[in-house]
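Chemist: Below is the file coords_37.pdb, which contains PDB, C-alpha atoms.
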MODEL        1
ATOM      1  CA  MET A  28       0.000   0.000   0.000
ATOM      2  CA  LYS A  29       1.357   3.462  -0.994
ATOM      3  CA  PRO A  30       1.832   6.075   1.688
ATOM      4  CA  CYS A  31      -0.662   8.866   1.541
ATOM      5  CA  LEU A  32       0.944  12.174   0.412
ATOM      6  CA  PRO A  33      -0.512  15.668   0.560
ATOM      7  CA  ASP A  34      -1.636  17.041  -2.806
ATOM      8  CA  GLU A  35       1.256  19.527  -3.227
ATOM      9  CA  LEU A  36       3.907  16.853  -2.548
ATOM     10  CA  HIS A  37       2.159  14.409  -4.848
ATOM     11  CA  ALA A  38       2.384  16.937  -7.696
ATOM     12  CA  LEU A  39       6.151  17.408  -7.189
ATOM     13  CA  ARG A  40       7.010  13.738  -7.281
ATOM     14  CA  GLY A  41       8.733  12.797 -10.521
ATOM     15  CA  THR A  42       9.657  16.311 -11.665
ATOM     16  CA  GLN A  43      12.958  16.846 -13.433
ATOM     17  CA  LYS A  44      15.684  19.364 -12.670
ATOM     18  CA  THR A  45      15.344  22.523 -14.728
ATOM     19  CA  ARG A  46      18.844  23.930 -14.142
ATOM     20  CA  ARG A  47      22.115  22.384 -15.106
ATOM     21  CA  SER A  48      25.040  22.187 -12.757
ATOM     22  CA  ARG A  49      27.722  24.793 -13.476
ATOM     23  CA  ALA A  50      30.484  22.319 -12.729
ATOM     24  CA  LYS A  51      29.630  20.324 -15.839
ATOM     25  CA  GLU A  52      29.717  23.407 -18.076
ATOM     26  CA  GLU A  53      33.249  24.491 -17.175
ATOM     27  CA  VAL A  54      35.652  24.056 -20.057
ATOM     28  CA  VAL A  55      39.211  23.172 -19.171
ATOM     29  CA  VAL A  56      41.697  24.868 -21.470
ATOM     30  CA  PRO A  57      45.014  23.040 -21.628
ATOM     31  CA  LEU A  58      48.056  25.110 -20.723
ATOM     32  CA  VAL A  59      50.521  25.609 -23.529
ATOM     33  CA  GLY A  60      54.153  25.081 -22.678
ATOM     34  CA  GLY A  61      56.771  27.709 -23.301
ATOM     35  CA  ARG A  62      59.945  29.225 -21.979
ATOM     36  CA  PRO A  63      59.883  32.583 -20.178
ATOM     37  CA  ARG A  64      62.606  35.145 -20.848
ATOM     38  CA  MET A  65      65.221  35.645 -18.181
ATOM     39  CA  PRO A  66      65.484  39.267 -16.976
ATOM     40  CA  LYS A  67      68.813  40.866 -17.888
ATOM     41  CA  ASP A  68      69.310  42.687 -14.578
ATOM     42  CA  MET A  69      69.392  39.619 -12.320
ATOM     43  CA  PRO A  70      72.571  38.881 -10.327
ATOM     44  CA  ALA A  71      74.894  36.199 -11.714
ATOM     45  CA  GLN A  72      74.005  33.666  -9.013
ATOM     46  CA  ALA A  73      70.286  34.212  -9.681
ATOM     47  CA  GLN A  74      70.868  33.710 -13.426
ATOM     48  CA  GLU A  75      72.540  30.360 -12.749
ATOM     49  CA  LYS A  76      69.576  29.302 -10.584
ATOM     50  CA  TRP A  77      67.168  30.472 -13.323
ATOM     51  CA  LYS A  78      68.857  28.222 -15.882
ATOM     52  CA  GLU A  79      68.810  25.293 -13.456
ATOM     53  CA  LEU A  80      65.103  25.669 -12.599
ATOM     54  CA  VAL A  81      64.084  26.205 -16.231
ATOM     55  CA  ALA A  82      65.926  23.027 -17.231
ATOM     56  CA  ILE A  83      64.161  21.028 -14.491
ATOM     57  CA  LEU A  84      60.701  22.386 -15.291
ATOM     58  CA  ARG A  85      61.126  21.943 -19.071
ATOM     59  CA  LYS A  86      62.252  18.356 -18.614
ATOM     60  CA  ARG A  87      59.138  17.652 -16.519
ATOM     61  CA  GLY A  88      56.930  19.393 -19.065
ATOM     62  CA  THR A  89      55.425  21.893 -16.614
ATOM     63  CA  LEU A  90      57.074  25.163 -17.733
ATOM     64  CA  THR A  91      54.962  27.918 -19.300
ATOM     65  CA  LYS A  92      55.761  31.462 -20.432
ATOM     66  CA  GLY A  93      53.710  32.777 -17.508
ATOM     67  CA  ASP A  94      56.126  31.279 -14.972
ATOM     68  CA  GLY A  95      58.638  34.116 -15.487
ATOM     69  CA  PRO A  96      57.689  36.354 -12.539
ATOM     70  CA  ILE A  97      57.639  33.528  -9.973
ATOM     71  CA  LEU A  98      60.907  32.159 -11.357
ATOM     72  CA  GLU A  99      62.496  35.601 -11.072
ATOM     73  CA  LEU A 100      61.298  35.939  -7.491
ATOM     74  CA  ALA A 101      62.569  32.468  -6.576
ATOM     75  CA  CYS A 102      65.970  33.052  -8.176
ATOM     76  CA  THR A 103      66.568  36.470  -6.609
ATOM     77  CA  THR A 104      65.434  35.121  -3.230
ATOM     78  CA  TYR A 105      67.900  32.253  -3.664
ATOM     79  CA  ALA A 106      70.742  34.699  -4.436
ATOM     80  CA  ARG A 107      69.915  36.795  -1.365
ATOM     81  CA  TRP A 108      69.738  33.699   0.820
ATOM     82  CA  ARG A 109      73.163  32.544  -0.395
ATOM     83  CA  ALA A 110      74.602  36.024   0.331
ATOM     84  CA  ALA A 111      73.119  35.899   3.851
ATOM     85  CA  LEU A 112      74.669  32.466   4.436
ATOM     86  CA  LEU A 113      78.042  33.756   3.264
ATOM     87  CA  ASP A 114      77.801  36.636   5.752
ATOM     88  CA  LEU A 115      76.889  34.181   8.514
ATOM     89  CA  ASP A 116      79.913  32.058   7.645
ATOM     90  CA  THR A 117      82.289  35.032   7.797
ATOM     91  CA  ARG A 118      80.922  36.854  10.875
ATOM     92  CA  GLY A 119      79.305  33.953  12.703
ATOM     93  CA  THR A 120      75.882  33.411  14.209
ATOM     94  CA  MET A 121      76.723  35.350  17.366
ATOM     95  CA  ILE A 122      78.404  38.763  17.108
ATOM     96  CA  ASP A 123      79.824  41.226  19.640
ATOM     97  CA  VAL A 124      78.106  44.613  19.755
ATOM     98  CA  GLU A 125      79.657  47.605  21.522
ATOM     99  CA  TYR A 126      77.467  50.260  23.078
ATOM    100  CA  PHE A 127      78.116  53.281  25.227
ATOM    101  CA  ALA A 128      76.296  53.893  28.526
ATOM    102  CA  ASN A 129      77.184  55.762  31.745
ATOM    103  CA  GLU A 130      80.397  57.056  30.186
ATOM    104  CA  ARG A 131      81.638  53.512  29.638
ATOM    105  CA  THR A 132      81.822  51.214  26.616
ATOM    106  CA  TYR A 133      80.184  47.820  27.000
ATOM    107  CA  THR A 134      80.386  44.752  24.813
ATOM    108  CA  LYS A 135      77.466  42.418  24.464
ATOM    109  CA  THR A 136      77.210  39.178  22.477
ATOM    110  CA  VAL A 137      73.978  39.024  20.455
ATOM    111  CA  LEU A 138      72.456  36.987  17.667
ATOM    112  CA  ASN A 139      73.594  38.156  14.246
ATOM    113  CA  PRO A 140      70.617  39.942  12.605
ATOM    114  CA  VAL A 141      71.517  38.257   9.325
ATOM    115  CA  ALA A 142      70.579  34.892  10.897
ATOM    116  CA  LYS A 143      66.983  36.061  11.195
ATOM    117  CA  ILE A 144      67.006  37.337   7.614
ATOM    118  CA  ALA A 145      68.459  34.037   6.354
ATOM    119  CA  ALA A 146      65.724  32.081   8.161
ATOM    120  CA  GLN A 147      63.014  34.293   6.604
ATOM    121  CA  LEU A 148      64.540  33.866   3.147
ATOM    122  CA  GLU A 149      64.694  30.078   3.613
ATOM    123  CA  SER A 150      61.009  29.994   4.508
ATOM    124  CA  ARG A 151      60.055  32.156   1.528
ATOM    125  CA  LEU A 152      62.237  30.071  -0.780
ATOM    126  CA  CYS A 153      60.484  26.878   0.326
ATOM    127  CA  GLN A 154      57.103  28.471  -0.432
ATOM    128  CA  LEU A 155      58.263  29.565  -3.880
ATOM    129  CA  TYR A 156      59.603  26.093  -4.682
ATOM    130  CA  ILE A 157      56.258  24.603  -3.657
ATOM    131  CA  GLN A 158      54.447  27.012  -5.980
ATOM    132  CA  LEU A 159      56.761  26.059  -8.834
ATOM    133  CA  GLY A 160      56.267  22.343  -8.170
ATOM    134  CA  VAL A 161      59.965  21.661  -7.611
ATOM    135  CA  THR A 162      59.731  19.959  -4.217
ATOM    136  CA  PRO A 163      59.367  16.155  -3.953
ATOM    137  CA  THR A 164      55.773  16.343  -2.719
ATOM    138  CA  THR A 165      54.532  18.911  -5.224
ATOM    139  CA  ARG A 166      56.185  17.536  -8.344
ATOM    140  CA  LEU A 167      53.604  14.741  -8.443
ATOM    141  CA  LYS A 168      50.771  17.305  -8.370
ATOM    142  CA  ALA A 169      52.211  19.492 -11.145
ATOM    143  CA  LYS A 170      50.169  19.232 -14.324
ATOM    144  CA  GLN A 171      51.809  18.608 -17.666
ATOM    145  CA  VAL A 172      51.420  21.326 -20.274
ATOM    146  CA  ALA A 173      50.789  20.854 -23.961
ATOM    147  CA  ALA A 174      53.716  21.278 -26.310
ATOM    148  CA  PRO A 175      53.834  24.695 -27.934
ATOM    149  CA  PRO A 176      52.524  24.733 -31.502
ATOM    150  CA  PRO A 177      55.276  24.521 -34.108
ATOM    151  CA  LYS A 178      56.198  27.784 -35.781
ATOM    152  CA  GLU A 179      55.316  28.004 -39.444
ATOM    153  CA  LYS A 180      58.242  28.525 -41.754
ATOM    154  CA  VAL A 181      57.648  31.192 -44.337
ATOM    155  CA  ASN A 182      58.679  30.199 -47.827
ATOM    156  CA  LEU A 183      60.623  32.988 -49.457
ATOM    157  CA  GLY A 184      60.845  33.627 -53.158
ATOM    158  CA  PRO A 185      64.052  34.387 -55.068
ATOM    159  CA  ASP A 186      63.611  38.081 -54.343
ATOM    160  CA  GLY A 187      63.426  37.454 -50.563
ATOM    161  CA  ARG A 188      59.712  38.247 -50.214
ATOM    162  CA  PRO A 189      57.283  35.679 -48.782
ATOM    163  CA  LEU A 190      55.476  33.518 -51.320
ATOM    164  CA  VAL A 191      51.710  33.916 -51.371
ATOM    165  CA  ARG A 192      49.674  30.744 -51.838
ATOM    166  CA  ILE A 193      46.549  31.097 -53.933
TER     167      ILE A 193
ENDMDL
END
Would you mind giving the structure from this file in structure tokens?

Modeler:
Amino acid sequence: MKPCLPDELHALRGTQKTRRSRAKEEVVVPLVGGRPRMPKDMPAQAQEKWKELVAILRKRGTLTKGDGPILELACTTYARWRAALLDLDTRGTMIDVEYFANERTYTKTVLNPVAKIAAQLESRLCQLYIQLGVTPTTRLKAKQVAAPPPKEKVNLGPDGRPLVRI
């Protein structure tokens, strides 16, 4: 025996959805691979890191032309971090600071301020590498990009002008 339904519920039974889900309508456009241009004004150490990261990302097939700004930021951050480490190696983690008080000079051993800067740069560098997909955990999540379309070669005539096909 069927359960007894009120009239308004009985009329709604068996109706179809009138709206489509937006998730089904989204079109996924494949990313096209490419190689961003390296800025000319980067320090030498940052340029070396740029070439290294571009080689890694191209080999994996995840490099696009739009990756230039994040690559530049990662490479300059890397160069600054290496400079901070060099300063820490030469001056040490703890440094002596002289200050004057009560007509006397005092010496106090404090943490080198560059140690704090180096730690901040390390943290930022790790975040940038995650965004680029260079770390071991994120390289599996990085999506492959489509190969860039081949460039058409223009056929030139004997006079050096392009040939027009009719």

Chemist: Nearest to Arg85 (chain A): which of A:Leu159, A:Val181, A:Ala146, A:Val191 is it, counting only C-alpha atoms?

Modeler: A:Leu159

Chemist: So how many Å separate CA of Phe127 (chain A) and CA of Ala111 (chain A), to one decimal?

Modeler: 28.0 Å

Chemist: Can you list, as a PDB file with C-alpha atoms, keeping the file's coordinate frame, every protein, DNA or RNA residue that comes within 9 Å of region 71-79 of chain A when you count all atoms listed in the file, leaving out same-chain residues fewer than 2 positions away?

Modeler:
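As written to disk, part_21.pdb reads:
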ATOM      1  CA  MET A  65      65.221  35.645 -18.181  1.00  0.00           C
ATOM      2  CA  PRO A  66      65.484  39.267 -16.976  1.00  0.00           C
ATOM      3  CA  LYS A  67      68.813  40.866 -17.888  1.00  0.00           C
ATOM      4  CA  MET A  69      69.392  39.619 -12.320  1.00  0.00           C
ATOM      5  CA  VAL A  81      64.084  26.205 -16.231  1.00  0.00           C
ATOM      6  CA  ALA A  82      65.926  23.027 -17.231  1.00  0.00           C
ATOM      7  CA  ILE A  83      64.161  21.028 -14.491  1.00  0.00           C
ATOM      8  CA  LEU A  84      60.701  22.386 -15.291  1.00  0.00           C
ATOM      9  CA  LEU A  98      60.907  32.159 -11.357  1.00  0.00           C
ATOM     10  CA  GLU A  99      62.496  35.601 -11.072  1.00  0.00           C
ATOM     11  CA  ALA A 101      62.569  32.468  -6.576  1.00  0.00           C
ATOM     12  CA  CYS A 102      65.970  33.052  -8.176  1.00  0.00           C
ATOM     13  CA  THR A 103      66.568  36.470  -6.609  1.00  0.00           C
ATOM     14  CA  THR A 104      65.434  35.121  -3.230  1.00  0.00           C
ATOM     15  CA  TYR A 105      67.900  32.253  -3.664  1.00  0.00           C
ATOM     16  CA  ALA A 106      70.742  34.699  -4.436  1.00  0.00           C
ATOM     17  CA  ARG A 107      69.915  36.795  -1.365  1.00  0.00           C
ATOM     18  CA  ARG A 109      73.163  32.544  -0.395  1.00  0.00           C
TER      19      ARG A 109
END

Chemist: What is the distance between CA of Leu100 (chain A) and CA of Arg151 (chain A), in Å to one decimal?

Modeler: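 Calculated distance between CA of Leu100 (chain A) and CA of Arg151 (chain A) is 9.9 Å.
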
Chemist: What is the distance, in Å and to one decimal place, between CA of Gly160 (chain A) and CA of Leu90 (chain A)?

Modeler: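 So the answer is 10.0 Å.
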
Chemist: Just so the selection is clear, what residues does the PyMOL selection byres ((chain A and resi 141) around 12) cover here, as a ChimeraX atom specification?

Modeler: /A:107-122,137-140,142-148

Chemist: Please give the centre and size of the box around region 137-151 of chain A (axis-aligned, containing every atom listed in the file, 3 Å added per side), with values in Å to one decimal and written as JSON.

Modeler:
{"center_x": 67.0, "center_y": 35.0, "center_z": 11.0, "size_x": 19.9, "size_y": 15.9, "size_z": 24.9}

Chemist: Just want the 9 Å neighbourhood of Thr134 (chain A), counted on all atoms listed in the file, with same-chain residues fewer than 4 positions away dropped. Output as a ChimeraX atom specification.

Modeler: /A:123-127

Chemist: Please determine, counting only C-alpha atoms, which residue among A:Thr132, A:Lys168, A:Cys153, A:Pro70 has the shortest atom-to-atom distance to Thr89 (chain A).

Modeler: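 Closest to Thr89 (chain A), using only C-alpha atoms: A:Lys168.
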
Chemist: Have a look at A:Val161, A:Asn129, A:Arg64, A:Gly184 and name the one nearest to Lys86 (chain A); count all atoms listed in the file.

Modeler: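 Closest candidate: A:Val161.
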
Chemist: Looking at only C-alpha atoms, which of A:Arg62, A:Pro189, A:Leu80, A:Thr91 is the one that sits closest to Thr162 (chain A)?

Modeler: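 Smallest separation from Thr162 (chain A) among the options: A:Leu80.
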